[in-house]
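Here the structure is laid out as structure tokens; the discussion comes afterwards.
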Amino acid sequence: MNRRRKLEEAETGCRKKSKLSPEIDGGCEYFDALPDDLVLSILCKLSSTALCPADFFNVLITCKRLNRLGLNDQVLSKACRRMLAVKAKKWSESAHRFLKLCADAGNVEACFTLGMIRFYCLQNRGSGASFMAKAAIGSHAPALYSLAVIQFNGSGGSKNDKDLRAGVALCARAAFLGHIDALRELGHCLQDGYGVKRNVAEGRRFLIQANARELASVLVTCPSAEVPRSWLAWNPHRHGGGGGDGDGDGGCLLLSDFGCNVPTPAPHPANQFLSDWFSDRSGRVPGAGLRLCSHPGCGRPESRRHEFRRCSVCGEVNYCSRACQALDWKMRHKVECAPVGRWADEDGQFDGNGFFNGNVNNNVDDVNGNAYEDDVMEES
């Protein structure tokens with residue numbers, strides 16, 4: 001009996017040892033035998049394809065070696081947009097440090113995201129603009145467009161700090177790189193003669209090109225078998241209205257020039273961060289008397305009172321850019337907007353230097369909705 005017990009204990013001890021010490025004949029583990037270059041290559045692939053930050057951080061906390069190699073500049077410089085999509089409700093000093101590490105490693109997406117957060121949320125204007133400029137130098141289209149919006153509005157300064165020509169130049173560069181909102185903004189600038197010589201035909205061409213790229217971006221992300229027929233069906237009767245709530249397929253009438261009905265484009269993670277940061281549930285406000293851009297996919301707040309332009313018809317919504325105004329007009333505001341007499345005098349003209357003149361030009365309205373009340377409420 002004692003002999004059998006000793007044999008069982010010996011066998012049990014061997015089994016436990018094999019589970020606790022998975023070793024090979026060389027005296028080391030398989031993972032330790034892998035060269036650093038190979039592990040770095042795998043981590044670079046992971047950081048460039050991660051679907052969310054957790055996909056990457058769950059690997060980093062596995063062991064000290066992965067944590068050390070995962071924070072290598074070569075890996076951080078490859079981090080994709082979704083891996084850097086920090087949530088506002090989970091914002092912390094450690095998240096801030098990680099974005100800073102990625103930005104210092106030369107990741108333009110991290111430079112843009114951190115720049116937007118610092119400029120608008122943390123109100124560190126100089127540092128935020130510097131990070132966005134660093135991303136713009138790397139030909140990051142959203143950063144170029146964001147800097148253009150800052151130049152158009154004089155954000156972070158006074159009304160006299162506006163630089164319309166610089167805004168148009170930045171928009172043109174972002175549009176050249178294929179940024180849809182920049183194309184749309186540039187088209188409106190050309191149509192209105194805002195910061196550039198007026199050219200209605202050329203402006204309309206840019207707007208139609210923005211619509212075409214918007215449709216193409218949706219079709220690329222959706223398999224052809226899943227594209228509803230209503231997205232591509234021509235319906236001239238729907239040209240004058242419609243919003244996200246009025247369609248059975250859950251889309252919004254963004255492409256009124258083509259009669260196409262496509263889903264609302266997903267906002268950039270940086271814009272989503274701004275929207276969540278200043279949401280009603282967060283309790284954070286941009287400042288006393290400061291407003292947010294009314295386009296739900298933007299999230300930009302004013303940096304001074306009356307910085308953004310209001311809708312020239314109802315005066316209830318305000319926008320940081322013409323692109324946001326045009327998108328929000330087709331998404332929802334076109335069915336909500338109602339004229340308010342106090343915004344215009346008896347002739348339908350504004351006392352300020354606005355664009356609204358009583359009736360919106362029909363040739364322009366089919367592309368960009370209604371016009372702006374530009375600078376009527378700006379501080380002197």
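Scheme for the structure tokens: letters A, B, ... for chains in order shown; per-chain residue numbers from 1; ligand numbers from 1 in order shown.
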
Could you pull out the alpha helix (DSSP H) residues of range 64-233 of chain A from DSSP and send them as a short mmCIF file (atom, residue, chain, number, x, y, z; two decimals) with C-alpha atoms, in the first residue's frame?
data_model
loop_
_atom_site.label_atom_id
_atom_site.label_comp_id
_atom_site.auth_asym_id
_atom_site.auth_seq_id
_atom_site.Cartn_x
_atom_site.Cartn_y
_atom_site.Cartn_z
CA LYS A 64 7.34 42.23 -19.44
CA ARG A 65 8.97 41.49 -22.78
CA LEU A 66 5.83 42.24 -24.78
CA ASN A 67 5.26 45.36 -22.71
CA ARG A 68 8.78 46.57 -23.45
CA LEU A 69 8.68 45.78 -27.16
CA GLY A 70 5.11 47.01 -27.56
CA ASP A 73 8.79 53.62 -31.43
CA GLN A 74 8.62 51.31 -34.44
CA VAL A 75 5.40 49.75 -33.12
CA LEU A 76 3.78 52.99 -31.91
CA GLU A 93 -3.36 60.69 -17.47
CA SER A 94 -2.12 57.28 -18.63
CA ALA A 95 -4.16 57.58 -21.85
CA HIS A 96 -2.70 61.05 -22.30
CA ARG A 97 0.84 59.73 -21.86
CA PHE A 98 0.24 56.89 -24.33
CA LEU A 99 -1.01 59.28 -27.04
CA LYS A 100 2.01 61.48 -26.36
CA LEU A 101 4.32 58.47 -26.77
CA CYS A 102 2.71 57.63 -30.12
CA ALA A 103 2.94 61.25 -31.26
CA ASP A 104 6.61 61.45 -30.26
CA VAL A 108 0.49 61.43 -37.47
CA GLU A 109 -2.86 59.98 -36.39
CA ALA A 110 -1.82 60.31 -32.74
CA CYS A 111 -0.57 63.85 -33.38
CA PHE A 112 -3.95 64.84 -34.78
CA THR A 113 -6.01 63.14 -32.06
CA LEU A 114 -3.87 64.56 -29.25
CA GLY A 115 -3.87 67.97 -30.92
CA MET A 116 -7.66 68.05 -31.13
CA ARG A 125 -4.30 76.05 -27.71
CA GLY A 126 -0.63 76.39 -28.54
CA SER A 127 0.30 72.78 -27.86
CA GLY A 128 -2.81 71.45 -29.59
CA ALA A 129 -2.23 73.51 -32.73
CA SER A 130 1.42 72.43 -32.72
CA PHE A 131 0.49 68.74 -32.70
CA MET A 132 -2.07 69.24 -35.48
CA ALA A 133 0.54 71.14 -37.51
CA LYS A 134 2.96 68.24 -37.04
CA ALA A 135 0.31 65.87 -38.42
CA ALA A 136 -0.43 68.28 -41.28
CA ILE A 137 3.25 68.34 -42.25
CA ALA A 141 -5.82 65.31 -44.40
CA PRO A 142 -8.09 65.62 -41.29
CA ALA A 143 -5.37 67.67 -39.56
CA LEU A 144 -5.10 69.99 -42.56
CA TYR A 145 -8.85 70.47 -42.59
CA SER A 146 -9.01 71.07 -38.83
CA LEU A 147 -6.33 73.75 -39.11
CA ALA A 148 -8.35 75.29 -41.94
CA VAL A 149 -11.41 75.52 -39.67
CA ILE A 150 -9.23 77.17 -37.01
CA GLN A 151 -8.01 79.74 -39.56
CA PHE A 152 -11.52 80.43 -40.87
CA ASN A 153 -12.86 81.08 -37.35
CA LEU A 164 -9.35 83.25 -44.79
CA ARG A 165 -6.67 82.79 -47.42
CA ALA A 166 -4.71 80.44 -45.18
CA GLY A 167 -7.93 78.52 -44.50
CA VAL A 168 -8.62 78.13 -48.22
CA ALA A 169 -5.03 77.01 -48.87
CA LEU A 170 -5.21 74.37 -46.13
CA CYS A 171 -8.61 73.22 -47.43
CA ALA A 172 -7.20 72.91 -50.94
CA ARG A 173 -4.34 70.74 -49.69
CA ALA A 174 -6.70 68.50 -47.70
CA ALA A 175 -9.07 68.28 -50.68
CA PHE A 176 -6.15 67.25 -52.90
CA ILE A 180 -14.48 64.89 -48.35
CA ASP A 181 -15.35 67.68 -45.88
CA ALA A 182 -12.47 69.77 -47.23
CA LEU A 183 -13.78 69.31 -50.78
CA ARG A 184 -17.21 70.41 -49.62
CA GLU A 185 -15.81 73.39 -47.70
CA LEU A 186 -13.70 74.48 -50.67
CA GLY A 187 -16.73 74.25 -52.93
CA HIS A 188 -18.75 76.53 -50.66
CA CYS A 189 -15.86 79.00 -50.39
CA LEU A 190 -15.68 79.22 -54.18
CA GLN A 191 -19.44 79.60 -54.51
CA ASP A 192 -19.58 82.36 -51.88
CA VAL A 200 -19.78 79.39 -58.78
CA ALA A 201 -19.24 76.80 -61.52
CA GLU A 202 -15.93 75.61 -60.06
CA GLY A 203 -17.44 75.55 -56.57
CA ARG A 204 -20.30 73.39 -57.73
CA ARG A 205 -17.84 71.03 -59.40
CA PHE A 206 -16.03 70.56 -56.08
CA LEU A 207 -19.33 69.92 -54.30
CA ILE A 208 -20.36 67.27 -56.80
CA GLN A 209 -16.92 65.68 -56.51
CA ALA A 210 -17.36 65.59 -52.72
CA ASN A 211 -20.72 63.87 -53.16
CA ALA A 212 -19.19 61.31 -55.52
CA ARG A 213 -16.36 60.51 -53.11
CA GLU A 214 -18.81 60.26 -50.24
CA LEU A 215 -20.84 57.69 -52.13
CA ALA A 216 -17.71 55.80 -53.17
CA SER A 217 -16.45 55.62 -49.58
CA VAL A 218 -19.75 54.06 -48.48
CA LEU A 219 -19.79 51.53 -51.31
CA VAL A 220 -16.20 50.49 -50.56
CA THR A 221 -17.00 49.70 -46.94
CA ARG A 229 -31.40 49.33 -53.76
CA SER A 230 -32.73 52.61 -52.28
CA TRP A 231 -29.17 53.97 -51.90
CA LEU A 232 -28.67 54.11 -55.65
#

**Message:** Report as a PyMOL selection string all protein, DNA and RNA residues lying within 10 Å of Trp91 in chain A, evaluated on only C-alpha atoms, omitting residues in the same chain fewer than 5 positions from it.
**Reply:** chain A and resi 86+96+273+277

**Asked** How many Å lie between CA of Ala323 in chain A and CA of Gly287 in chain A, rounded to one decimal?
**Response**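 Taking CA of Ala323 in chain A as the start and CA of Gly287 in chain A as the end point, the length is 24.2 Å.
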
**Prompt:** Skipping near chain neighbours, those fewer than 2 positions away, what residues fall within 9 Å of Glu302 in chain A using only C-alpha atoms, listed as a PyMOL selection string?
**Reply:** chain A and resi 120+155-156+286-287+290-293+300+304-308+320

**Request:** Provide the CA of Ile42 in chain A to CA of Cys63 in chain A distance in Å, to one decimal place.
**Result:**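 For CA of Ile42 in chain A relative to CA of Cys63 in chain A, the distance reads 15.3 Å.
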
**Item:** Contacts of Ser279 in chain A within 10 Å, only C-alpha atoms, excl. fewer than 5 positions in-chain, as number ranges by chain
**Value:** A: 88, 273-274, 284-285, 292, 299

**Minimum-distance residue to Leu40 in chain A, chosen among A:Asn72, A:Asn199, A:Val59, A:Lys89 (using only C-alpha atoms)** =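 That would be A:Asn72, the residue with the smallest distance to Leu40 in chain A.
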
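Taking only C-alpha atoms, the non-local environment of range 337-339 of chain A within 8 Å (same-chain residues fewer than 2 positions away omitted) comprises Val313, Cys314, His333, Lys334, Val335 and Gly341 of chain A.
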
Residue selection dump (all heavy atoms) as a compact mmCIF listing (two decimals), in the first residue's frame:
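As written to disk, selection_4.txt reads:
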# COMPACT_ATOMS: atom_id res chain seq x y z
N VAL A 313 -31.72 81.39 -41.25
CA VAL A 313 -33.18 81.36 -41.31
C VAL A 313 -33.79 81.30 -39.91
O VAL A 313 -34.62 82.13 -39.55
CB VAL A 313 -33.66 80.15 -42.15
CG1 VAL A 313 -35.18 80.07 -42.17
CG2 VAL A 313 -33.12 80.25 -43.57
N CYS A 314 -33.35 80.35 -39.10
CA CYS A 314 -33.98 80.17 -37.78
C CYS A 314 -33.12 80.69 -36.64
O CYS A 314 -33.64 81.03 -35.58
CB CYS A 314 -34.29 78.69 -37.54
SG CYS A 314 -32.81 77.65 -37.37
N HIS A 333 -31.58 69.20 -40.36
CA HIS A 333 -32.05 70.56 -40.10
C HIS A 333 -33.02 71.06 -41.17
O HIS A 333 -33.82 71.96 -40.90
CB HIS A 333 -30.86 71.52 -39.99
CG HIS A 333 -31.24 72.88 -39.50
ND1 HIS A 333 -31.92 73.09 -38.31
CD2 HIS A 333 -31.06 74.11 -40.05
CE1 HIS A 333 -32.13 74.39 -38.15
NE2 HIS A 333 -31.63 75.03 -39.18
N LYS A 334 -32.98 70.47 -42.35
CA LYS A 334 -33.86 70.95 -43.42
C LYS A 334 -35.33 70.76 -43.08
O LYS A 334 -36.18 71.55 -43.48
CB LYS A 334 -33.53 70.22 -44.73
CG LYS A 334 -34.15 70.87 -45.96
CD LYS A 334 -33.55 70.30 -47.22
CE LYS A 334 -34.03 71.07 -48.45
NZ LYS A 334 -33.39 70.61 -49.69
N VAL A 335 -35.63 69.72 -42.30
CA VAL A 335 -37.02 69.47 -41.92
C VAL A 335 -37.38 70.18 -40.61
O VAL A 335 -38.55 70.22 -40.24
CB VAL A 335 -37.29 67.95 -41.78
CG1 VAL A 335 -37.10 67.27 -43.12
CG2 VAL A 335 -36.39 67.32 -40.74
N GLY A 341 -38.60 85.89 -37.74
CA GLY A 341 -38.58 87.25 -38.25
C GLY A 341 -37.55 88.15 -37.62
O GLY A 341 -37.06 89.10 -38.24
